[in-house]
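Shown next: data29.cif, given as mmCIF, C-alpha atoms.
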data_work
#
loop_
_atom_site.label_atom_id
_atom_site.label_comp_id
_atom_site.auth_asym_id
_atom_site.auth_seq_id
_atom_site.Cartn_x
_atom_site.Cartn_y
_atom_site.Cartn_z
CA MET U 1260 -9.11 -35.63 116.45
CA GLU U 1261 -6.51 -37.14 114.14
CA ILE U 1262 -4.05 -35.06 112.15
CA GLU U 1263 -2.00 -36.49 109.29
CA PHE U 1264 0.91 -34.46 107.97
CA LEU U 1265 0.82 -34.82 104.20
CA GLY U 1266 3.80 -32.48 103.77
CA THR U 1267 6.04 -30.43 106.05
CA GLY U 1268 8.38 -28.63 103.65
CA THR U 1269 8.62 -25.12 102.31
CA SER U 1270 7.90 -24.08 98.71
CA THR U 1271 10.96 -25.84 97.25
CA GLY U 1272 10.45 -29.08 99.14
CA ILE U 1273 13.33 -31.24 100.36
CA PRO U 1274 15.41 -32.38 98.56
CA GLN U 1275 15.65 -29.11 96.70
CA ILE U 1276 16.32 -29.34 92.97
CA LYS U 1277 20.04 -29.20 92.10
CA CYS U 1278 21.12 -29.04 95.76
CA GLN U 1279 23.84 -31.32 97.10
CA CYS U 1280 23.76 -30.23 100.76
CA GLU U 1281 23.76 -32.85 103.52
CA VAL U 1282 20.04 -32.39 104.15
CA CYS U 1283 19.04 -32.84 100.52
CA LYS U 1284 21.34 -35.88 100.22
CA SER U 1285 20.20 -37.40 103.52
CA ASN U 1286 18.94 -40.98 103.51
CA ASN U 1287 16.71 -40.31 106.51
CA PRO U 1288 13.08 -40.31 105.28
CA ARG U 1289 12.29 -37.62 107.84
CA ASP U 1290 14.55 -35.25 105.90
CA LYS U 1291 12.41 -35.64 102.76
CA ARG U 1292 9.60 -33.09 102.78
CA LEU U 1293 6.82 -32.39 100.31
CA ARG U 1294 5.02 -29.05 100.34
CA CYS U 1295 2.97 -28.21 103.44
CA SER U 1296 -0.48 -29.72 103.94
CA VAL U 1297 -2.41 -31.65 106.60
CA VAL U 1298 -5.66 -33.58 106.90
CA VAL U 1299 -7.65 -32.98 110.07
CA ARG U 1300 -10.10 -35.79 110.85
CA THR U 1301 -12.71 -34.86 113.43
CA GLY U 1302 -16.46 -34.93 113.90
CA GLY U 1303 -16.84 -37.49 111.14
CA LEU U 1304 -15.18 -35.17 108.61
CA SER U 1305 -11.81 -35.11 106.86
CA LEU U 1306 -10.69 -31.52 106.33
CA LEU U 1307 -7.73 -30.75 104.09
CA ILE U 1308 -5.69 -27.64 104.93
CA ASP U 1309 -3.98 -26.36 101.78
CA CYS U 1310 -3.60 -28.27 98.55
CA GLY U 1311 -0.17 -27.75 97.05
CA PRO U 1312 1.47 -29.12 93.90
CA ASP U 1313 2.39 -32.39 95.68
CA PHE U 1314 -1.23 -33.16 96.59
CA ARG U 1315 -1.66 -36.12 94.23
CA GLU U 1316 1.40 -37.90 95.60
CA GLN U 1317 0.46 -37.02 99.16
CA ILE U 1318 -3.12 -38.27 99.07
CA LEU U 1319 -2.15 -41.50 97.30
CA ARG U 1320 0.20 -42.40 100.15
CA ALA U 1321 -2.08 -41.12 102.94
CA SER U 1322 -3.72 -43.49 105.41
CA SER U 1323 -7.11 -42.52 103.97
CA GLN U 1324 -8.07 -40.70 100.77
CA GLU U 1325 -11.40 -39.43 102.12
CA LEU U 1326 -11.87 -35.64 102.04
CA ASP U 1327 -14.90 -33.47 102.74
CA ALA U 1328 -13.63 -29.90 102.29
CA LEU U 1329 -10.55 -27.75 101.75
CA LEU U 1330 -9.45 -24.88 103.98
CA VAL U 1331 -6.92 -22.54 102.34
CA THR U 1332 -4.45 -20.40 104.27
CA HIS U 1333 -3.39 -18.23 101.32
CA SER U 1334 -2.99 -18.40 97.56
CA HIS U 1335 0.75 -18.87 97.09
CA TYR U 1336 1.38 -21.67 94.61
CA ASP U 1337 2.87 -24.10 97.11
CA HIS U 1338 -0.45 -24.00 98.98
CA VAL U 1339 -2.95 -24.14 96.10
CA GLY U 1340 -1.07 -25.64 93.15
CA GLY U 1341 -2.84 -29.00 93.47
CA VAL U 1342 -6.45 -27.79 93.50
CA ASP U 1343 -7.13 -29.20 90.02
CA ASP U 1344 -6.35 -32.67 91.39
CA LEU U 1345 -9.39 -32.39 93.64
CA ARG U 1346 -11.51 -33.34 90.62
CA ALA U 1347 -11.78 -36.85 92.04
CA TYR U 1348 -13.78 -35.33 94.91
CA CYS U 1349 -16.13 -33.30 92.71
CA GLN U 1350 -18.47 -36.18 91.90
CA PRO U 1351 -21.35 -36.60 92.42
CA SER U 1352 -21.48 -33.06 93.85
CA ARG U 1353 -19.23 -30.01 93.96
CA PHE U 1354 -16.35 -29.93 96.44
CA ASP U 1355 -16.32 -27.21 99.11
CA ILE U 1356 -13.43 -24.75 99.40
CA TYR U 1357 -13.22 -22.22 102.25
CA ALA U 1358 -10.89 -19.21 101.99
CA GLN U 1359 -10.66 -15.45 102.16
CA GLU U 1360 -12.27 -13.62 99.25
CA ASP U 1361 -8.91 -12.58 97.78
CA VAL U 1362 -7.83 -16.23 97.72
CA LEU U 1363 -11.06 -17.29 96.02
CA ASN U 1364 -10.57 -14.59 93.39
CA ASP U 1365 -7.06 -15.85 92.79
CA LEU U 1366 -8.37 -19.39 92.31
CA ARG U 1367 -10.91 -18.12 89.79
CA ASN U 1368 -8.03 -16.55 87.85
CA ARG U 1369 -5.69 -19.57 88.13
CA ILE U 1370 -8.20 -22.19 87.02
CA PRO U 1371 -10.87 -20.23 85.13
CA TYR U 1372 -12.05 -23.32 83.25
CA CYS U 1373 -13.58 -24.57 86.51
CA PHE U 1374 -15.87 -21.57 86.80
CA LYS U 1375 -17.21 -21.04 83.29
CA GLU U 1376 -20.96 -20.88 82.80
CA HIS U 1377 -20.73 -23.91 80.52
CA PRO U 1378 -17.63 -25.79 81.71
CA TYR U 1379 -15.90 -28.49 79.71
CA PRO U 1380 -17.17 -31.92 80.81
CA GLY U 1381 -15.08 -33.45 83.57
CA VAL U 1382 -13.41 -30.32 84.93
CA PRO U 1383 -13.44 -29.91 88.72
CA GLN U 1384 -16.50 -28.14 90.09
CA PHE U 1385 -16.30 -26.29 93.41
CA ASN U 1386 -18.51 -24.51 95.90
CA LEU U 1387 -16.45 -21.49 96.99
CA HIS U 1388 -17.15 -20.16 100.48
CA ALA U 1389 -15.74 -16.74 101.40
CA ILE U 1390 -14.72 -16.57 105.04
CA THR U 1391 -13.56 -13.78 107.33
CA LEU U 1392 -12.17 -13.96 110.84
CA GLU U 1393 -15.58 -15.01 112.11
CA PRO U 1394 -15.90 -18.63 113.28
CA PHE U 1395 -17.88 -20.95 110.99
CA THR U 1396 -18.94 -24.57 110.90
CA ILE U 1397 -18.59 -27.44 108.47
CA GLY U 1398 -21.09 -30.06 109.55
CA ASP U 1399 -20.77 -30.09 113.33
CA VAL U 1400 -17.12 -28.97 113.33
CA LEU U 1401 -16.43 -25.42 114.55
CA ILE U 1402 -13.52 -23.68 112.81
CA GLU U 1403 -12.01 -20.38 113.92
CA PRO U 1404 -9.83 -18.52 111.41
CA LEU U 1405 -6.69 -16.96 112.86
CA ARG U 1406 -5.04 -13.84 111.48
CA VAL U 1407 -1.29 -14.07 110.91
CA MET U 1408 1.01 -11.97 108.75
CA HIS U 1409 3.11 -13.46 105.95
CA TYR U 1410 5.40 -10.43 105.67
CA LYS U 1411 2.85 -7.79 104.53
CA LEU U 1412 0.24 -10.32 103.39
CA PRO U 1413 -2.59 -11.07 105.84
CA ILE U 1414 -3.24 -14.82 105.72
CA LEU U 1415 -5.12 -17.36 107.83
CA GLY U 1416 -4.33 -20.04 110.31
CA TYR U 1417 -7.09 -22.24 111.72
CA LYS U 1418 -8.15 -23.31 115.20
CA ILE U 1419 -10.12 -26.56 115.21
CA GLY U 1420 -10.99 -27.96 118.60
CA ASN U 1421 -7.89 -28.07 120.77
CA MET U 1422 -5.49 -27.64 117.83
CA ALA U 1423 -4.20 -24.57 116.00
CA TYR U 1424 -2.52 -24.70 112.59
CA ILE U 1425 -0.34 -21.79 111.47
CA THR U 1426 1.91 -21.76 108.42
CA ASP U 1427 3.95 -19.13 106.55
CA ALA U 1428 3.71 -16.64 109.40
CA LYS U 1429 6.31 -13.98 110.00
CA GLU U 1430 4.24 -12.41 112.76
CA VAL U 1431 1.47 -13.76 114.97
CA PRO U 1432 -0.51 -10.77 116.29
CA ASP U 1433 -1.33 -10.43 119.98
CA GLU U 1434 -5.04 -10.97 119.37
CA THR U 1435 -4.32 -14.30 117.69
CA ILE U 1436 -2.02 -15.39 120.50
CA ASP U 1437 -4.78 -14.56 122.97
CA LYS U 1438 -7.21 -16.82 121.08
CA ILE U 1439 -4.98 -19.89 121.26
CA ARG U 1440 -2.97 -19.38 124.44
CA GLY U 1441 -2.71 -22.64 126.36
CA ILE U 1442 -4.03 -24.76 123.50
CA ASP U 1443 -3.20 -28.46 123.58
CA THR U 1444 -1.50 -28.79 120.17
CA LEU U 1445 0.09 -26.04 118.09
CA ILE U 1446 1.36 -26.64 114.57
CA ILE U 1447 3.48 -23.71 113.41
CA ASN U 1448 6.08 -22.79 110.79
CA ALA U 1449 9.82 -22.47 111.31
CA LEU U 1450 11.68 -22.03 108.02
CA ARG U 1451 15.35 -22.10 108.96
CA ILE U 1452 17.94 -21.03 111.53
CA GLU U 1453 18.67 -17.63 110.00
CA GLU U 1454 16.09 -14.86 109.80
CA HIS U 1455 13.89 -14.59 106.69
CA ILE U 1456 11.83 -11.67 105.41
CA SER U 1457 8.47 -13.45 105.37
CA HIS U 1458 8.77 -16.59 107.53
CA MET U 1459 9.67 -17.08 111.16
CA SER U 1460 13.12 -18.46 111.87
CA LEU U 1461 13.56 -21.21 114.44
CA SER U 1462 14.28 -18.77 117.29
CA GLN U 1463 11.29 -16.59 116.34
CA SER U 1464 9.02 -19.61 116.17
CA LEU U 1465 10.21 -20.87 119.54
CA ALA U 1466 9.61 -17.43 121.05
CA THR U 1467 6.07 -17.44 119.65
CA ILE U 1468 5.48 -20.94 120.97
CA SER U 1469 6.64 -19.77 124.40
CA ARG U 1470 4.07 -16.96 124.33
CA ILE U 1471 1.24 -19.30 123.27
CA ALA U 1472 2.32 -21.97 125.79
CA PRO U 1473 0.71 -25.03 124.19
CA ARG U 1474 1.08 -28.44 125.76
CA ARG U 1475 3.07 -29.44 122.69
CA ALA U 1476 4.10 -27.91 119.38
CA PHE U 1477 5.06 -29.29 115.97
CA LEU U 1478 7.24 -27.37 113.51
CA ILE U 1479 6.36 -27.32 109.80
CA HIS U 1480 7.26 -25.50 106.57
CA LEU U 1481 10.96 -26.29 106.94
CA SER U 1482 13.61 -25.60 104.33
CA HIS U 1483 16.86 -27.51 103.88
CA ASP U 1484 18.57 -24.60 105.64
CA MET U 1485 17.04 -25.72 108.93
CA GLY U 1486 19.46 -28.64 109.04
CA LEU U 1487 19.07 -32.37 109.59
CA HIS U 1488 15.89 -33.52 111.31
CA ASP U 1489 17.70 -35.62 113.90
CA TYR U 1490 20.34 -32.99 114.76
CA VAL U 1491 17.82 -30.18 115.22
CA SER U 1492 15.47 -32.43 117.19
CA GLN U 1493 18.19 -33.59 119.57
CA ASN U 1494 20.12 -30.36 120.03
CA LEU U 1495 18.04 -27.25 119.27
CA LEU U 1496 14.51 -27.87 120.52
CA PRO U 1497 13.13 -27.43 124.05
CA PRO U 1498 10.90 -30.06 125.67
CA GLY U 1499 7.44 -30.19 124.16
CA VAL U 1500 8.52 -29.03 120.69
CA GLU U 1501 9.04 -31.47 117.83
CA ILE U 1502 9.71 -31.27 114.11
CA ALA U 1503 6.77 -32.77 112.24
CA PHE U 1504 7.60 -35.15 109.40
CA ASP U 1505 5.76 -36.27 106.28
CA THR U 1506 3.21 -39.09 106.87
CA GLN U 1507 3.25 -38.53 110.65
CA ILE U 1508 -0.13 -39.01 112.34
CA ILE U 1509 -0.93 -37.49 115.72
CA THR U 1510 -4.05 -37.45 117.86
CA VAL U 1511 -5.43 -34.50 119.81
CA ALA U 1512 -7.65 -34.89 122.84
CA PRO U 1513 -10.88 -32.83 123.00
#
Target format structure tokens, applied to this file:
Amino acid sequence: MEIEFLGTGTSTGIPQIKCQCEVCKSNNPRDKRLRCSVVVRTGGLSLLIDCGPDFREQILRASSQELDALLVTHSHYDHVGGVDDLRAYCQPSRFDIYAQEDVLNDLRNRIPYCFKEHPYPGVPQFNLHAITLEPFTIGDVLIEPLRVMHYKLPILGYKIGNMAYITDAKEVPDETIDKIRGIDTLIINALRIEEHISHMSLSQSLATISRIAPRRAFLIHLSHDMGLHDYVSQNLLPPGVEIAFDTQIITVAP
């Protein structure tokens, strides 16, 4: 399995508009973060997780532009704002999107022109697949949705093979931890040092990682309030935990 981090930033991205902090002004490319998204390449498929407003820029600079389906964690704009740009993948057949029913309903409301009975020529055309917490397959790839809580909003993470991807979580329930305990690779959010109402802070994320006990973990969905990539990496993280960065590619053993 290969995972390419298209973006590792929170909803504002880094640099944040009108901010002059040391992180936003940093010349280190690892401090520049587009909105969160990854491509998981496994079983002959390329699966996109979330499609935010930076998708066009992200996929143009990616190592490959091939995509077979989209998995959505939740319908906040920074995770679905680029869905219209999937039109390039809607020919010659519709593109598959997998999400909870409430997310699919939100997409129907956000881009209604894609779902009209007689759509305007050239608009993106999608096959929408409603999923629950039950495992499902795309081709030969088994995908297990994971329940996490984004403050009071129940959203999804995904377990694919020996990797689990969790973003925007404030709480990871015990039953989810049990499903992924001891996994090889965990990708999980950590917004900033200080506590936040709907996202885990660094200390909360590290505590969750300790409970899951993966072989290694990568932190995503960072804000500029986390601090400089190099400083946090060298001074605040335990062994086996890294900050992911945009364009990074990792491999996961079966």
ask   = From the list U:Leu1478, U:Ala1503, U:Lys1277, U:Leu1387, which residue is nearest Asn1364 of chain U when using only C-alpha atoms?
value = U:Leu1387
ask   = Pick the closest to Arg1292 of chain U from U:Leu1481, U:Leu1445, U:Val1362, U:Met1408: which is it, counting all atoms listed in the file?
value = U:Leu1481
query = Evaluating the PyMOL selection byres ((chain U and resi 1325) around 10) on the displayed file yields which residues, as a ChimeraX atom specification?
reply = /U:1298,1300,1304-1307,1318,1321-1324,1326-1328,1348
query = Out of U:Cys1373, U:Leu1496, U:Ala1358, U:Leu1450, which residue has the shortest atom-to-atom distance to Leu1405 of chain U when counting only C-alpha atoms?
reply =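 Nearest to Leu1405 of chain U: U:Ala1358.
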inquiry  = Please return as a ChimeraX atom specification every residue within 9 Å of (17.3, -30.9, 104.5), taking into account all atoms listed in the file and the file's own coordinates.
reply    = /U:1272-1275,1280-1285,1290-1292,1481-1488
inquiry  = Using all atoms listed in the file, can you tell me which of U:Phe1504, U:Ser1334, U:Arg1289, U:Gly1266 comes closest to Asp1313 of chain U?
reply    =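 Ranking U:Phe1504, U:Ser1334, U:Arg1289, U:Gly1266 by distance to Asp1313 of chain U, first place goes to U:Gly1266.
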ask   = If you count all atoms listed in the file, which residues fall within 10 Å of Ile1509 of chain U, apart from same-chain ones fewer than 3 positions away, as an MDAnalysis selection string?
value = chainID U and resid 1260:1264 1299 1444 1503 1506
message = I'd like the neighbourhood of His1338 of chain U as a PyMOL selection string, where a residue qualifies if any of its atoms comes within 9 Å (using only C-alpha atoms), though same-chain residues fewer than 4 positions away should be ignored.
response = chain U and resi 1270+1294-1296+1308-1312+1331-1334+1342
Answer key for the PyMOL selection byres ((chain U and resi 1467) around 12), residues as a VMD selection string = chain U and resid 1407 1425 1428 to 1433 1435 to 1437 1439 to 1440 1445 to 1449 1459 to 1466 1468 to 1473 1476 1478 1500
request  = Do a neighbour search on Ile1419 of chain U at 9 Å with all atoms listed in the file, toss out local chain neighbours closer than 2 positions, and write the hits as number ranges by chain.
outcome  = U: 1299, 1301, 1400-1404, 1417, 1421-1424
ask   = Once you count all atoms listed in the file, which residues end up no further than 12 Å from (-12.6, -30.7, 87.1) in the file's frame, shown as a PyMOL selection string?
value = chain U and resi 1341-1354+1370-1375+1378-1385
task = Take atom CA of Thr1391 of chain U and atom CA of Asp1365 of chain U and report the distance between them in Å, one decimal.
result = 16.1 Å
request  = Determine, counting all atoms listed in the file, which protein, DNA and RNA residues have an atom within 8 Å of an atom of Ala1389 of chain U; residues of the same chain fewer than 5 positions away are not included. Present the result as a VMD selection string.
outcome  = chain U and resid 1357 to 1360 1363
request  = Have a look at atom CA of Ile1508 of chain U and atom CA of Phe1477 of chain U and let me know their distance in Å, one decimal.
outcome  =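 These two atoms are separated by 11.6 Å.
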request  = Between U:Arg1315, U:His1388, U:His1480, U:Arg1406, single out the one closest to His1458 of chain U, counting only C-alpha atoms.
outcome  =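 The answer is U:His1480, which sits nearest to His1458 of chain U.
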key: Between atom CA of Gly1416 of chain U and atom CA of Gly1302 of chain U - distance in Å to one decimal   =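 Atom CA of Gly1302 of chain U sits 19.5 Å away from atom CA of Gly1416 of chain U.
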key: Which residue of U:Leu1329, U:Ile1456, U:Cys1278, U:Ile1502 approaches Ile1397 of chain U most closely, using all atoms listed in the file   =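 Of all the options, U:Leu1329 lies closest to Ile1397 of chain U.
Residues with any atom within 8 Å of Arg1474 of chain U, counting all atoms listed in the file and excluding same-chain neighbours fewer than 6 positions away, are Gly1441, Ile1442, Asp1443, Thr1444 and Gly1499 of chain U.
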